[in-house]
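Trainee: Contents of work_26.cif (mmCIF, C-alpha atoms):
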data_model
loop_
_atom_site.label_atom_id
_atom_site.label_comp_id
_atom_site.auth_asym_id
_atom_site.auth_seq_id
_atom_site.Cartn_x
_atom_site.Cartn_y
_atom_site.Cartn_z
CA MET R 1 6.38 16.15 0.40
CA HIS R 2 7.86 19.43 1.60
CA ILE R 3 5.03 21.79 2.61
CA PRO R 4 5.80 25.36 1.48
CA ASP R 5 4.97 28.43 3.56
CA GLY R 6 1.43 29.52 2.78
CA PHE R 7 -0.15 26.06 2.74
CA ILE R 8 -1.04 26.04 6.45
CA PRO R 9 -1.88 28.98 8.72
CA LEU R 10 0.45 30.38 11.38
CA TRP R 11 -1.42 28.89 14.35
CA GLU R 12 -1.18 25.40 12.90
CA SER R 13 2.46 25.91 11.91
CA GLY R 14 3.15 26.97 15.51
CA ILE R 15 1.56 23.82 16.94
CA PHE R 16 3.74 21.64 14.72
CA TRP R 17 6.87 23.58 15.67
CA VAL R 18 6.09 22.89 19.35
CA ILE R 19 5.45 19.19 18.70
CA SER R 20 8.60 18.85 16.58
CA LEU R 21 10.79 20.70 19.08
CA ILE R 22 9.69 18.23 21.77
CA PHE R 23 10.57 15.30 19.52
CA LEU R 24 13.81 17.02 18.49
CA SER R 25 14.89 17.48 22.10
CA MET R 26 14.26 13.76 22.67
CA SER R 27 16.35 12.99 19.58
CA LEU R 28 19.21 15.01 21.07
CA ARG R 29 19.00 12.80 24.15
CA TRP R 30 19.38 9.83 21.79
CA ALA R 31 22.41 11.54 20.21
CA SER R 32 24.06 12.13 23.57
CA LYS R 33 23.79 8.40 24.33
CA GLU R 34 24.62 6.97 20.91
CA MET R 35 27.12 9.30 19.21
CA ASN R 36 30.60 7.79 19.25
CA GLU R 37 33.64 7.13 17.04
CA LYS R 38 31.63 4.65 14.98
CA THR R 39 28.26 6.36 14.73
CA VAL R 40 29.34 9.93 13.87
CA PRO R 41 30.97 8.97 10.52
CA LEU R 42 28.00 6.73 9.63
CA PHE R 43 25.44 9.38 10.61
CA THR R 44 27.33 11.98 8.56
CA ALA R 45 27.64 9.69 5.53
CA LEU R 46 23.90 8.95 5.63
CA ALA R 47 23.07 12.64 6.00
CA ALA R 48 25.10 13.53 2.89
CA GLY R 49 23.60 10.65 0.91
CA ILE R 50 20.03 11.39 1.98
CA PHE R 51 20.40 15.09 1.17
CA ALA R 52 21.73 14.26 -2.30
CA ILE R 53 19.14 11.65 -3.17
CA GLN R 54 16.26 13.79 -1.87
CA ALA R 55 17.19 16.32 -4.55
CA MET R 56 16.76 13.76 -7.32
CA ASN R 57 13.07 13.54 -8.15
CA MET R 58 12.14 10.38 -9.97
CA PRO R 59 9.20 10.27 -12.39
CA ILE R 60 6.01 8.46 -11.39
CA PRO R 61 2.80 8.27 -13.45
CA TRP R 62 0.32 11.17 -13.88
CA GLY R 63 3.06 13.70 -14.74
CA THR R 64 4.20 13.62 -11.14
CA SER R 65 7.54 12.93 -9.48
CA GLY R 66 8.76 11.82 -6.09
CA HIS R 67 11.90 11.54 -4.09
CA MET R 68 13.34 9.50 -1.28
CA VAL R 69 12.91 10.73 2.33
CA GLY R 70 15.26 8.42 4.24
CA ALA R 71 13.63 8.33 7.69
CA ALA R 72 12.94 4.58 7.67
CA LEU R 73 16.47 3.97 6.41
CA THR R 74 17.99 6.01 9.25
CA ALA R 75 15.77 4.47 11.92
CA ILE R 76 16.61 0.93 10.78
CA VAL R 77 20.37 1.50 10.47
CA PHE R 78 20.57 3.11 13.94
CA ASP R 79 17.86 0.91 15.46
CA SER R 80 16.04 3.98 16.74
CA PRO R 81 13.28 6.27 15.43
CA TRP R 82 14.99 9.15 17.26
CA ALA R 83 17.92 8.91 14.85
CA ALA R 84 15.47 9.57 12.02
CA VAL R 85 13.94 12.59 13.77
CA LEU R 86 17.39 14.17 14.15
CA MET R 87 18.50 13.21 10.64
CA LEU R 88 15.44 14.66 8.90
CA ALA R 89 15.50 17.81 11.04
CA LEU R 90 19.09 18.51 9.96
CA VAL R 91 18.35 17.77 6.28
CA LEU R 92 15.21 19.96 6.37
CA ILE R 93 17.10 22.83 8.03
CA VAL R 94 19.65 22.88 5.19
CA GLN R 95 16.92 22.50 2.53
CA GLY R 96 14.72 25.22 4.04
CA LEU R 97 17.46 27.75 4.79
CA PHE R 98 19.49 27.48 1.58
CA PHE R 99 17.35 25.93 -1.16
CA ALA R 100 13.76 27.13 -0.58
CA ASP R 101 12.69 23.47 -0.36
CA GLY R 102 10.01 23.54 2.33
CA GLY R 103 9.07 26.74 4.12
CA LEU R 104 10.59 28.06 7.31
CA ILE R 105 7.30 28.75 9.12
CA VAL R 106 6.05 25.25 8.30
CA MET R 107 9.37 23.51 8.98
CA GLY R 108 7.94 22.07 12.21
CA ALA R 109 5.20 20.34 10.20
CA ASN R 110 7.75 19.01 7.70
CA ILE R 111 9.97 17.68 10.51
CA PHE R 112 6.86 16.07 12.02
CA ASN R 113 5.70 14.39 8.79
CA MET R 114 8.99 13.18 7.38
CA GLY R 115 11.08 12.79 10.53
CA VAL R 116 8.65 11.83 13.30
CA VAL R 117 5.91 10.01 11.34
CA GLY R 118 8.39 8.61 8.81
CA GLY R 119 10.85 7.54 11.48
CA PHE R 120 8.39 5.95 13.90
CA VAL R 121 6.26 4.25 11.24
CA GLY R 122 9.36 2.99 9.43
CA TYR R 123 10.98 1.74 12.60
CA TYR R 124 7.99 -0.08 14.06
CA VAL R 125 6.91 -1.62 10.73
CA PHE R 126 10.46 -2.95 10.33
CA LYS R 127 10.54 -4.19 13.92
CA SER R 128 7.25 -6.03 13.65
CA LEU R 129 8.13 -7.71 10.33
CA LYS R 130 11.87 -8.37 10.57
CA LYS R 131 11.50 -11.95 11.79
CA THR R 132 9.53 -12.95 8.71
CA ASN R 133 11.90 -11.70 6.00
CA PHE R 134 14.59 -9.09 6.62
CA HIS R 135 14.63 -7.49 3.15
CA ALA R 136 10.85 -7.49 2.75
CA ALA R 137 10.56 -5.90 6.19
CA VAL R 138 12.97 -3.12 5.19
CA PHE R 139 11.11 -2.50 1.91
CA THR R 140 7.72 -2.40 3.66
CA ALA R 141 9.09 -0.06 6.32
CA GLY R 142 10.27 2.37 3.63
CA TRP R 143 6.98 2.15 1.75
CA SER R 144 4.80 2.63 4.85
CA ALA R 145 6.88 5.54 6.15
CA THR R 146 6.26 7.48 2.93
CA PHE R 147 2.60 6.49 2.62
CA ILE R 148 1.61 7.28 6.22
CA ALA R 149 3.61 10.52 6.26
CA ALA R 150 1.69 11.61 3.14
CA LEU R 151 -1.63 10.85 4.85
CA ALA R 152 -0.50 12.89 7.87
CA CYS R 153 0.36 15.73 5.47
CA ALA R 154 -3.08 15.45 3.85
CA ALA R 155 -4.72 15.59 7.29
CA GLU R 156 -2.76 18.74 8.22
CA LEU R 157 -3.77 20.42 4.97
CA ALA R 158 -7.38 19.38 5.57
CA ILE R 159 -7.27 20.92 9.07
CA ALA R 160 -5.88 24.06 7.43
CA GLY R 161 -8.74 24.00 4.91
CA THR R 162 -6.23 24.08 2.04
CA PHE R 163 -7.13 20.57 0.81
CA PRO R 164 -10.55 18.88 1.06
CA ILE R 165 -10.08 15.81 3.27
CA ASP R 166 -11.41 13.20 0.82
CA LEU R 167 -9.51 14.42 -2.25
CA GLY R 168 -6.43 15.19 -0.16
CA ILE R 169 -6.24 11.63 1.13
CA GLN R 170 -7.04 10.26 -2.33
CA PHE R 171 -4.36 12.20 -4.24
CA MET R 172 -1.67 12.28 -1.55
CA GLY R 173 -2.29 8.59 -0.83
CA LEU R 174 -2.24 7.54 -4.48
CA TYR R 175 0.90 9.49 -5.42
CA HIS R 176 2.82 8.47 -2.32
CA ALA R 177 1.78 4.83 -2.56
CA VAL R 178 3.81 4.88 -5.80
CA ILE R 179 6.61 7.13 -4.48
CA GLY R 180 6.82 4.77 -1.49
CA ILE R 181 7.91 1.97 -3.83
CA ILE R 182 10.99 4.07 -4.71
CA GLU R 183 11.56 4.71 -1.00
CA GLY R 184 11.19 1.03 -0.17
CA LEU R 185 13.54 -0.15 -2.92
CA ILE R 186 16.32 2.33 -2.11
CA THR R 187 15.93 1.62 1.62
CA ALA R 188 16.18 -2.13 0.98
CA VAL R 189 19.25 -1.74 -1.26
CA VAL R 190 21.13 0.57 1.13
CA VAL R 191 20.28 -1.36 4.31
CA GLY R 192 21.00 -4.66 2.54
CA TYR R 193 24.37 -3.36 1.36
CA LEU R 194 25.35 -1.93 4.76
CA ALA R 195 24.20 -5.08 6.53
CA SER R 196 26.44 -7.28 4.39
CA ALA R 197 29.43 -4.91 4.02
CA ARG R 198 29.49 -3.48 7.55
CA PRO R 199 27.29 -5.61 9.82
CA ASP R 200 29.19 -4.19 12.80
CA LEU R 201 27.68 -0.76 12.10
CA VAL R 202 24.04 -1.71 11.57
CA LYS R 203 22.61 -2.17 15.04
CA SER R 204 19.28 -3.69 14.02
CA VAL R 205 21.14 -6.32 11.96
CA LYS R 206 23.27 -7.34 14.91
CA LYS R 207 20.07 -7.92 16.87
CA VAL R 208 18.53 -10.06 14.12
CA VAL R 209 21.72 -12.11 13.82
CA SER R 210 22.06 -12.59 17.56
CA ASN R 211 18.43 -13.66 17.81
CA GLU R 212 19.00 -16.51 15.37
CA MET O 213 39.32 4.36 13.31
CA SER O 214 40.34 4.51 9.64
CA ASN O 215 37.75 1.80 9.12
CA ASN O 216 35.04 4.09 10.45
CA ASN O 217 36.20 7.09 8.50
CA SER O 218 36.17 5.01 5.32
CA ILE O 219 32.38 4.79 5.58
CA LEU O 220 32.25 8.58 5.76
CA VAL O 221 34.47 8.93 2.67
CA ALA O 222 32.41 6.31 0.80
CA GLY O 223 29.17 8.08 1.74
CA LEU O 224 30.51 11.42 0.58
CA ILE O 225 31.65 9.95 -2.75
CA VAL O 226 28.22 8.42 -3.33
CA ALA O 227 26.51 11.69 -2.38
CA LEU O 228 28.74 13.73 -4.71
CA LEU O 229 28.15 11.30 -7.59
CA ILE O 230 24.39 11.66 -7.06
CA GLY O 231 24.91 15.44 -6.94
CA LEU O 232 26.70 15.36 -10.29
CA ALA O 233 24.04 13.16 -11.89
CA ALA O 234 20.88 14.64 -10.36
CA PRO O 235 20.71 17.82 -12.49
CA PHE O 236 20.65 15.61 -15.61
CA LEU O 237 18.46 12.77 -14.31
CA ALA O 238 15.96 14.41 -11.96
CA SER O 239 12.38 14.71 -13.17
CA GLY O 240 11.12 18.25 -13.63
CA ASP O 241 7.55 17.16 -12.97
CA PRO O 242 5.93 18.52 -9.80
CA ASP O 243 6.25 16.24 -6.77
CA GLY O 244 3.36 14.42 -5.11
CA LEU O 245 2.30 17.30 -2.87
CA GLU O 246 2.61 19.94 -5.62
CA SER O 247 0.67 17.74 -8.05
CA ALA O 248 -2.11 17.23 -5.52
CA ALA O 249 -2.15 20.97 -4.79
CA GLU O 250 -2.47 21.83 -8.50
CA LYS O 251 -5.65 19.75 -8.65
CA ILE O 252 -7.37 20.29 -5.32
CA ILE O 253 -6.05 23.33 -3.45
CA ASN O 254 -8.60 25.78 -2.05
CA SER O 255 -7.20 29.05 -3.42
CA ASP O 256 -9.22 31.24 -1.03
CA VAL O 257 -7.62 29.54 1.96
CA LEU O 258 -4.20 29.66 0.27
CA ASP O 259 -4.57 33.41 -0.37
CA ALA O 260 -5.56 34.05 3.25
CA ASN O 261 -2.54 32.07 4.51
CA LEU O 262 -0.20 33.86 2.10
CA ASP O 263 -1.52 37.24 3.29
CA GLU O 264 -0.97 36.18 6.88
CA ALA O 265 2.63 35.14 6.11
CA GLY O 266 3.26 38.24 3.96
CA LEU O 267 4.06 36.21 0.84
CA GLU O 268 3.14 36.72 -2.81
CA GLU O 269 3.10 33.00 -3.55
CA GLU O 270 3.77 29.79 -1.67
CA GLY O 271 7.43 29.14 -0.93
CA THR O 272 9.43 30.24 2.05
CA VAL O 273 9.76 33.39 4.13
CA ALA O 274 13.54 32.75 4.28
CA PRO O 275 15.68 34.51 1.69
CA SER O 276 17.16 31.44 -0.03
CA PRO O 277 20.50 31.89 -1.76
CA MET O 278 20.00 28.86 -4.04
CA PRO O 279 16.25 28.39 -4.64
CA ASP O 280 15.29 25.04 -6.21
CA TYR O 281 18.87 23.72 -5.95
CA ALA O 282 20.26 26.13 -8.52
CA ILE O 283 22.64 29.08 -8.48
CA PRO O 284 20.72 31.83 -10.29
CA GLY O 285 22.03 32.45 -13.82
CA MET O 286 24.40 29.49 -13.90
CA ASP O 287 22.36 26.77 -15.64
CA LYS O 288 23.40 23.11 -15.13
CA ILE O 289 26.80 24.00 -13.68
CA GLY O 290 24.94 26.06 -11.07
CA GLU O 291 22.68 23.12 -10.26
CA ILE O 292 25.66 20.83 -9.77
CA GLY O 293 27.38 23.55 -7.74
CA ALA O 294 24.30 24.07 -5.55
CA LEU O 295 24.06 20.36 -4.79
CA ILE O 296 27.76 20.12 -3.96
CA ILE O 297 27.47 23.14 -1.64
CA GLY O 298 24.39 21.52 -0.07
CA ILE O 299 26.20 18.22 0.43
CA LEU O 300 29.09 20.06 2.11
CA LEU O 301 26.67 22.02 4.34
CA ILE O 302 24.76 18.93 5.52
CA THR O 303 28.07 17.11 6.03
CA LEU O 304 29.41 19.89 8.25
CA LEU O 305 26.10 20.21 10.14
CA SER O 306 25.59 16.49 10.81
CA PHE O 307 29.26 15.92 11.64
CA GLY O 308 29.20 18.98 13.90
CA VAL O 309 26.05 17.93 15.77
CA GLY O 310 27.36 14.37 16.07
CA SER O 311 30.74 15.56 17.34
CA ILE O 312 29.24 17.90 19.94
CA PHE O 313 27.27 15.05 21.48
CA LYS O 314 30.16 12.62 21.18
CA LYS O 315 32.39 15.01 23.09
CA SER O 316 29.89 15.63 25.86
CA THR O 317 29.48 11.89 26.45
CA SER O 318 33.20 11.14 26.52
CA GLU O 319 33.65 13.89 29.12
CA ASN O 320 31.04 12.40 31.43
#
Step by step, read the file and then write its structure as structure tokens.
Mentor:
Amino acid sequence: MHIPDGFIPLWESGIFWVISLIFLSMSLRWASKEMNEKTVPLFTALAAGIFAIQAMNMPIPWGTSGHMVGAALTAIVFDSPWAAVLMLALVLIVQGLFFADGGLIVMGANIFNMGVVGGFVGYYVFKSLKKTNFHAAVFTAGWSATFIAALACAAELAIAGTFPIDLGIQFMGLYHAVIGIIEGLITAVVVGYLASARPDLVKSVKKVVSNE
Amino acid sequence: MSNNNSILVAGLIVALLIGLAAPFLASGDPDGLESAAEKIINSDVLDANLDEAGLEEEGTVAPSPMPDYAIPGMDKIGEIGALIIGILLITLLSFGVGSIFKKSTSEN
């Protein structure tokens, strides 16, 4: 879902840089409160894992492929959408600067779609569903984060005039509804594993357990 | 302490294993956004945006040393190498950012 330079005009790219820098500065406030002996190793481990798995595109129908994003995963593990904003910004910086994955001018839009939309949608979907079934809530959070981020991307490209709005929503929505299943499954497996192996590290799990 | 670092080591091992496997397993098909663009992009608007950014084709204005997760001219070994370098870069960056904020809080 990485927008390359050229897909949206400079003025729109600038607006998304401003929006993303505001969210990013808020995410640094989260970091200054939450980074400690326990969270730094976990945050780093997730960053390495998310970077690696983002590079592995998995096939979906229609001769198309898709990869994990990891914003819902990060937000759920750290019990904060701000963790996801920071995580995706760092991953996108490395991807954009070294690997030509996502443009530099449009990086603000990519941080917004994958980090901000992905993180907030993933977090609040999980939060609203976690009392029904923990694993289903995690899966749905991962799926929705990808799907809604893709619709946001389609809207940005429609504003740019690059994609027609109806076909943009149709194709981006269809492809990412399928890619979201990959996102949801990996998110559920990783969060499920961390929650059982290291429940002390997964903040949102501690809350669920203490609520019971 | 060692307990917390073990999660970092485990995460790095998983990431490196994915990095070793990805060049062989990853699909070469275009991703969701590229596929949509192939079918529906308005090329007049794209051309105008590319002109504005000073680009020949869509991509990035940054000079990327390892475009598309590959070291030019090194085939699969270069793809594995690029991913390992990337994993090390994101590890240093995320650990560095985390450590800076950890330090500033412990000083307060």
Trainee: Distance table requested - chain R against chain O, cut-off 6 Å, all atoms listed in the file: one row per qualifying residue with the closest atom pair and its distance in Å to one decimal, ordered by chain and rising residue number, as a tab-separated table.
Mentor:
residue	atom	partner	partner_atom	distance
R:Met1	CA	O:Leu245	CA	5.4
R:Pro4	CA	O:Gly271	CA	4.8
R:Asp5	CA	O:Thr272	CA	5.0
R:Gly6	CA	O:Leu262	CA	4.7
R:Phe7	CA	O:Leu258	CA	6.0
R:Pro9	CA	O:Asn261	CA	5.3
R:Ser32	CA	O:Phe313	CA	4.8
R:Met35	CA	O:Lys314	CA	4.9
R:Asn36	CA	O:Lys314	CA	5.2
R:Lys38	CA	O:Asn216	CA	5.7
R:Val40	CA	O:Gly310	CA	5.3
R:Pro41	CA	O:Leu220	CA	4.9
R:Thr44	CA	O:Ser306	CA	5.3
R:Ala45	CA	O:Gly223	CA	4.4
R:Ala48	CA	O:Ile299	CA	5.4
R:Gly49	CA	O:Ala227	CA	4.5
R:Ala52	CA	O:Ala227	CA	5.4
R:Met56	CA	O:Ala238	CA	4.8
R:Asn57	CA	O:Ala238	CA	4.9
R:Met58	CA	O:Ser239	CA	5.4
R:Pro59	CA	O:Ser239	CA	5.5
R:Gly63	CA	O:Asp241	CA	5.9
R:Thr64	CA	O:Asp241	CA	5.2
R:Ser65	CA	O:Asp243	CA	4.5
R:Gly66	CA	O:Asp243	CA	5.1
R:Phe98	CA	O:Ser276	CA	4.9
R:Phe99	CA	O:Pro279	CA	4.4
R:Ala100	CA	O:Pro279	CA	4.9
R:Gly103	CA	O:Thr272	CA	4.1
R:Leu104	CA	O:Thr272	CA	5.8
R:Thr162	CA	O:Asn254	CA	5.0
R:Phe163	CA	O:Ile253	CA	5.2
R:Phe171	CA	O:Ala248	CA	5.7
R:Tyr175	CA	O:Gly244	CA	5.5
Trainee: Just how far from CA of Gly119 in chain R is CA of Trp62 in chain R, in Å to one decimal?
Mentor: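 Between CA of Trp62 in chain R and CA of Gly119 in chain R the gap is 27.7 Å.
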Trainee: Please measure the separation of CA of Phe43 in chain R and CA of Cys153 in chain R, giving the value in Å to one decimal.
Mentor: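 Going from CA of Phe43 in chain R over to CA of Cys153 in chain R covers 26.4 Å.
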Trainee: Running the PyMOL selection byres ((chain R and resi 72) around 8) on this model by hand, what would come out? Give it as a list in words.
Mentor: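 On the file shown, the PyMOL selection byres ((chain R and resi 72) around 8) covers Gly70, Ala71, Leu73, Thr74, Ala75, Ile76, Pro81, Ala84, Gly118, Gly119, Phe120, Val121, Gly122, Tyr123, Ala141, Gly142, Ala145 and Thr187 of chain R.
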Trainee: Kindly resolve the PyMOL selection byres ((chain R and resi 17) around 12) on the present coordinates and return the residues as a list in words.
Mentor: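 After applying the PyMOL selection byres ((chain R and resi 17) around 12), what remains is Leu10, Trp11, Glu12, Ser13, Gly14, Ile15, Phe16, Val18, Ile19, Ser20, Leu21, Ile22, Phe23, Leu24, Ser25, Ala89, Leu104, Ile105, Val106, Met107, Gly108, Ala109, Asn110, Ile111, Phe112 and Asn113 of chain R.
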Trainee: Hey, can you check how far CA of Phe78 in chain R sits from CA of Val125 in chain R?
Mentor: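 If I compute the distance from CA of Phe78 in chain R to CA of Val125 in chain R, I get 14.8 Å.
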Trainee: Pick from R:Val77, R:Gln170, R:Ile8, R:Phe139: nearest to Leu42 in chain R, with only C-alpha atoms counted?
Mentor: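 Smallest distance to Leu42 in chain R is found for R:Val77.
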Trainee: Name every residue that the PyMOL selection byres ((chain R and resi 204) around 12) selects in this structure, writing the answer as a VMD selection string with chains first and numbers rising.
Mentor: chain R and resid 73 to 81 123 to 124 126 to 127 130 to 131 134 137 to 138 191 to 192 194 to 195 199 to 203 205 to 211
Trainee: Put those residues in a file: C-alpha atoms, as a short mmCIF file (atom, residue, chain, number, x, y, z; two decimals), in the frame of the given file.
Mentor:
data_model
loop_
_atom_site.label_atom_id
_atom_site.label_comp_id
_atom_site.auth_asym_id
_atom_site.auth_seq_id
_atom_site.Cartn_x
_atom_site.Cartn_y
_atom_site.Cartn_z
CA LEU R 73 16.47 3.97 6.41
CA THR R 74 17.99 6.01 9.25
CA ALA R 75 15.77 4.47 11.92
CA ILE R 76 16.61 0.93 10.78
CA VAL R 77 20.37 1.50 10.47
CA PHE R 78 20.57 3.11 13.94
CA ASP R 79 17.86 0.91 15.46
CA SER R 80 16.04 3.98 16.74
CA PRO R 81 13.28 6.27 15.43
CA TYR R 123 10.98 1.74 12.60
CA TYR R 124 7.99 -0.08 14.06
CA PHE R 126 10.46 -2.95 10.33
CA LYS R 127 10.54 -4.19 13.92
CA LYS R 130 11.87 -8.37 10.57
CA LYS R 131 11.50 -11.95 11.79
CA PHE R 134 14.59 -9.09 6.62
CA ALA R 137 10.56 -5.90 6.19
CA VAL R 138 12.97 -3.12 5.19
CA VAL R 191 20.28 -1.36 4.31
CA GLY R 192 21.00 -4.66 2.54
CA LEU R 194 25.35 -1.93 4.76
CA ALA R 195 24.20 -5.08 6.53
CA PRO R 199 27.29 -5.61 9.82
CA ASP R 200 29.19 -4.19 12.80
CA LEU R 201 27.68 -0.76 12.10
CA VAL R 202 24.04 -1.71 11.57
CA LYS R 203 22.61 -2.17 15.04
CA VAL R 205 21.14 -6.32 11.96
CA LYS R 206 23.27 -7.34 14.91
CA LYS R 207 20.07 -7.92 16.87
CA VAL R 208 18.53 -10.06 14.12
CA VAL R 209 21.72 -12.11 13.82
CA SER R 210 22.06 -12.59 17.56
CA ASN R 211 18.43 -13.66 17.81
#
Trainee: Which of these, R:Val190, R:Ala197, R:Leu157, R:Leu46, has the shortest distance to Leu90 in chain R once you count only C-alpha atoms?
Mentor: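 Of R:Val190, R:Ala197, R:Leu157, R:Leu46, the one nearest Leu90 in chain R is R:Leu46, counting only C-alpha atoms.
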Trainee: So, with only C-alpha atoms as the atoms that count, which of R:Ala55, R:Ile186, R:Leu167, R:Met172 lies closest to Glu291 in chain O?
Mentor: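 The answer is R:Ala55, which sits nearest to Glu291 in chain O.
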Trainee: Find the axis-aligned box for range 247-264 of chain O, covering all its listed atoms and adding 5 Å on each side, and write its centre and edge lengths in Å to one decimal as JSON.
Mentor:
{"center_x": -4.3, "center_y": 27.2, "center_z": -0.9, "size_x": 19.9, "size_y": 30.0, "size_z": 25.5}
Trainee: Could you pull range 81-96 of chain R out of the block above and give me N, CA, C and O atoms, as a PDB file, in the first residue's frame?
Mentor:
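Everything below was put into result-v4.pdb:
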ATOM      1  N   PRO R  81      -2.587   3.326  20.214  1.00  0.00           N
ATOM      2  CA  PRO R  81      -2.422   3.590  18.775  1.00  0.00           C
ATOM      3  C   PRO R  81      -1.172   4.422  18.487  1.00  0.00           C
ATOM      4  O   PRO R  81      -0.635   4.364  17.379  1.00  0.00           O
ATOM      5  N   TRP R  82      -0.689   5.166  19.491  1.00  0.00           N
ATOM      6  CA  TRP R  82       0.498   6.001  19.271  1.00  0.00           C
ATOM      7  C   TRP R  82       1.735   5.142  19.036  1.00  0.00           C
ATOM      8  O   TRP R  82       2.660   5.544  18.329  1.00  0.00           O
ATOM      9  N   ALA R  83       1.769   3.954  19.643  1.00  0.00           N
ATOM     10  CA  ALA R  83       2.889   3.038  19.413  1.00  0.00           C
ATOM     11  C   ALA R  83       2.941   2.664  17.936  1.00  0.00           C
ATOM     12  O   ALA R  83       4.018   2.571  17.339  1.00  0.00           O
ATOM     13  N   ALA R  84       1.767   2.466  17.343  1.00  0.00           N
ATOM     14  CA  ALA R  84       1.695   2.084  15.928  1.00  0.00           C
ATOM     15  C   ALA R  84       2.159   3.227  15.031  1.00  0.00           C
ATOM     16  O   ALA R  84       2.836   3.002  14.025  1.00  0.00           O
ATOM     17  N   VAL R  85       1.781   4.461  15.380  1.00  0.00           N
ATOM     18  CA  VAL R  85       2.205   5.615  14.577  1.00  0.00           C
ATOM     19  C   VAL R  85       3.733   5.680  14.544  1.00  0.00           C
ATOM     20  O   VAL R  85       4.348   5.813  13.480  1.00  0.00           O
ATOM     21  N   LEU R  86       4.359   5.541  15.709  1.00  0.00           N
ATOM     22  CA  LEU R  86       5.824   5.612  15.782  1.00  0.00           C
ATOM     23  C   LEU R  86       6.458   4.430  15.043  1.00  0.00           C
ATOM     24  O   LEU R  86       7.402   4.601  14.261  1.00  0.00           O
ATOM     25  N   MET R  87       5.915   3.243  15.287  1.00  0.00           N
ATOM     26  CA  MET R  87       6.459   2.030  14.649  1.00  0.00           C
ATOM     27  C   MET R  87       6.451   2.148  13.131  1.00  0.00           C
ATOM     28  O   MET R  87       7.464   1.921  12.461  1.00  0.00           O
ATOM     29  N   LEU R  88       5.287   2.510  12.568  1.00  0.00           N
ATOM     30  CA  LEU R  88       5.182   2.557  11.103  1.00  0.00           C
ATOM     31  C   LEU R  88       6.014   3.694  10.527  1.00  0.00           C
ATOM     32  O   LEU R  88       6.574   3.561   9.436  1.00  0.00           O
ATOM     33  N   ALA R  89       6.115   4.810  11.266  1.00  0.00           N
ATOM     34  CA  ALA R  89       6.960   5.907  10.772  1.00  0.00           C
ATOM     35  C   ALA R  89       8.401   5.432  10.645  1.00  0.00           C
ATOM     36  O   ALA R  89       9.054   5.682   9.618  1.00  0.00           O
ATOM     37  N   LEU R  90       8.903   4.727  11.642  1.00  0.00           N
ATOM     38  CA  LEU R  90      10.296   4.255  11.596  1.00  0.00           C
ATOM     39  C   LEU R  90      10.487   3.250  10.459  1.00  0.00           C
ATOM     40  O   LEU R  90      11.469   3.317   9.715  1.00  0.00           O
ATOM     41  N   VAL R  91       9.549   2.307  10.317  1.00  0.00           N
ATOM     42  CA  VAL R  91       9.656   1.306   9.253  1.00  0.00           C
ATOM     43  C   VAL R  91       9.615   1.997   7.878  1.00  0.00           C
ATOM     44  O   VAL R  91      10.421   1.701   6.995  1.00  0.00           O
ATOM     45  N   LEU R  92       8.708   2.971   7.727  1.00  0.00           N
ATOM     46  CA  LEU R  92       8.582   3.653   6.433  1.00  0.00           C
ATOM     47  C   LEU R  92       9.799   4.514   6.116  1.00  0.00           C
ATOM     48  O   LEU R  92      10.176   4.660   4.944  1.00  0.00           O
ATOM     49  N   ILE R  93      10.429   5.072   7.140  1.00  0.00           N
ATOM     50  CA  ILE R  93      11.646   5.863   6.923  1.00  0.00           C
ATOM     51  C   ILE R  93      12.747   4.970   6.340  1.00  0.00           C
ATOM     52  O   ILE R  93      13.394   5.310   5.347  1.00  0.00           O
ATOM     53  N   VAL R  94      12.938   3.788   6.936  1.00  0.00           N
ATOM     54  CA  VAL R  94      13.964   2.869   6.428  1.00  0.00           C
ATOM     55  C   VAL R  94      13.595   2.401   5.012  1.00  0.00           C
ATOM     56  O   VAL R  94      14.439   2.381   4.108  1.00  0.00           O
ATOM     57  N   GLN R  95      12.331   2.043   4.805  1.00  0.00           N
ATOM     58  CA  GLN R  95      11.898   1.566   3.477  1.00  0.00           C
ATOM     59  C   GLN R  95      12.069   2.640   2.417  1.00  0.00           C
ATOM     60  O   GLN R  95      12.517   2.363   1.303  1.00  0.00           O
ATOM     61  N   GLY R  96      11.691   3.879   2.748  1.00  0.00           N
ATOM     62  CA  GLY R  96      11.722   4.961   1.773  1.00  0.00           C
ATOM     63  C   GLY R  96      13.136   5.440   1.475  1.00  0.00           C
ATOM     64  O   GLY R  96      13.471   5.752   0.336  1.00  0.00           O
TER      65      GLY R  96
END
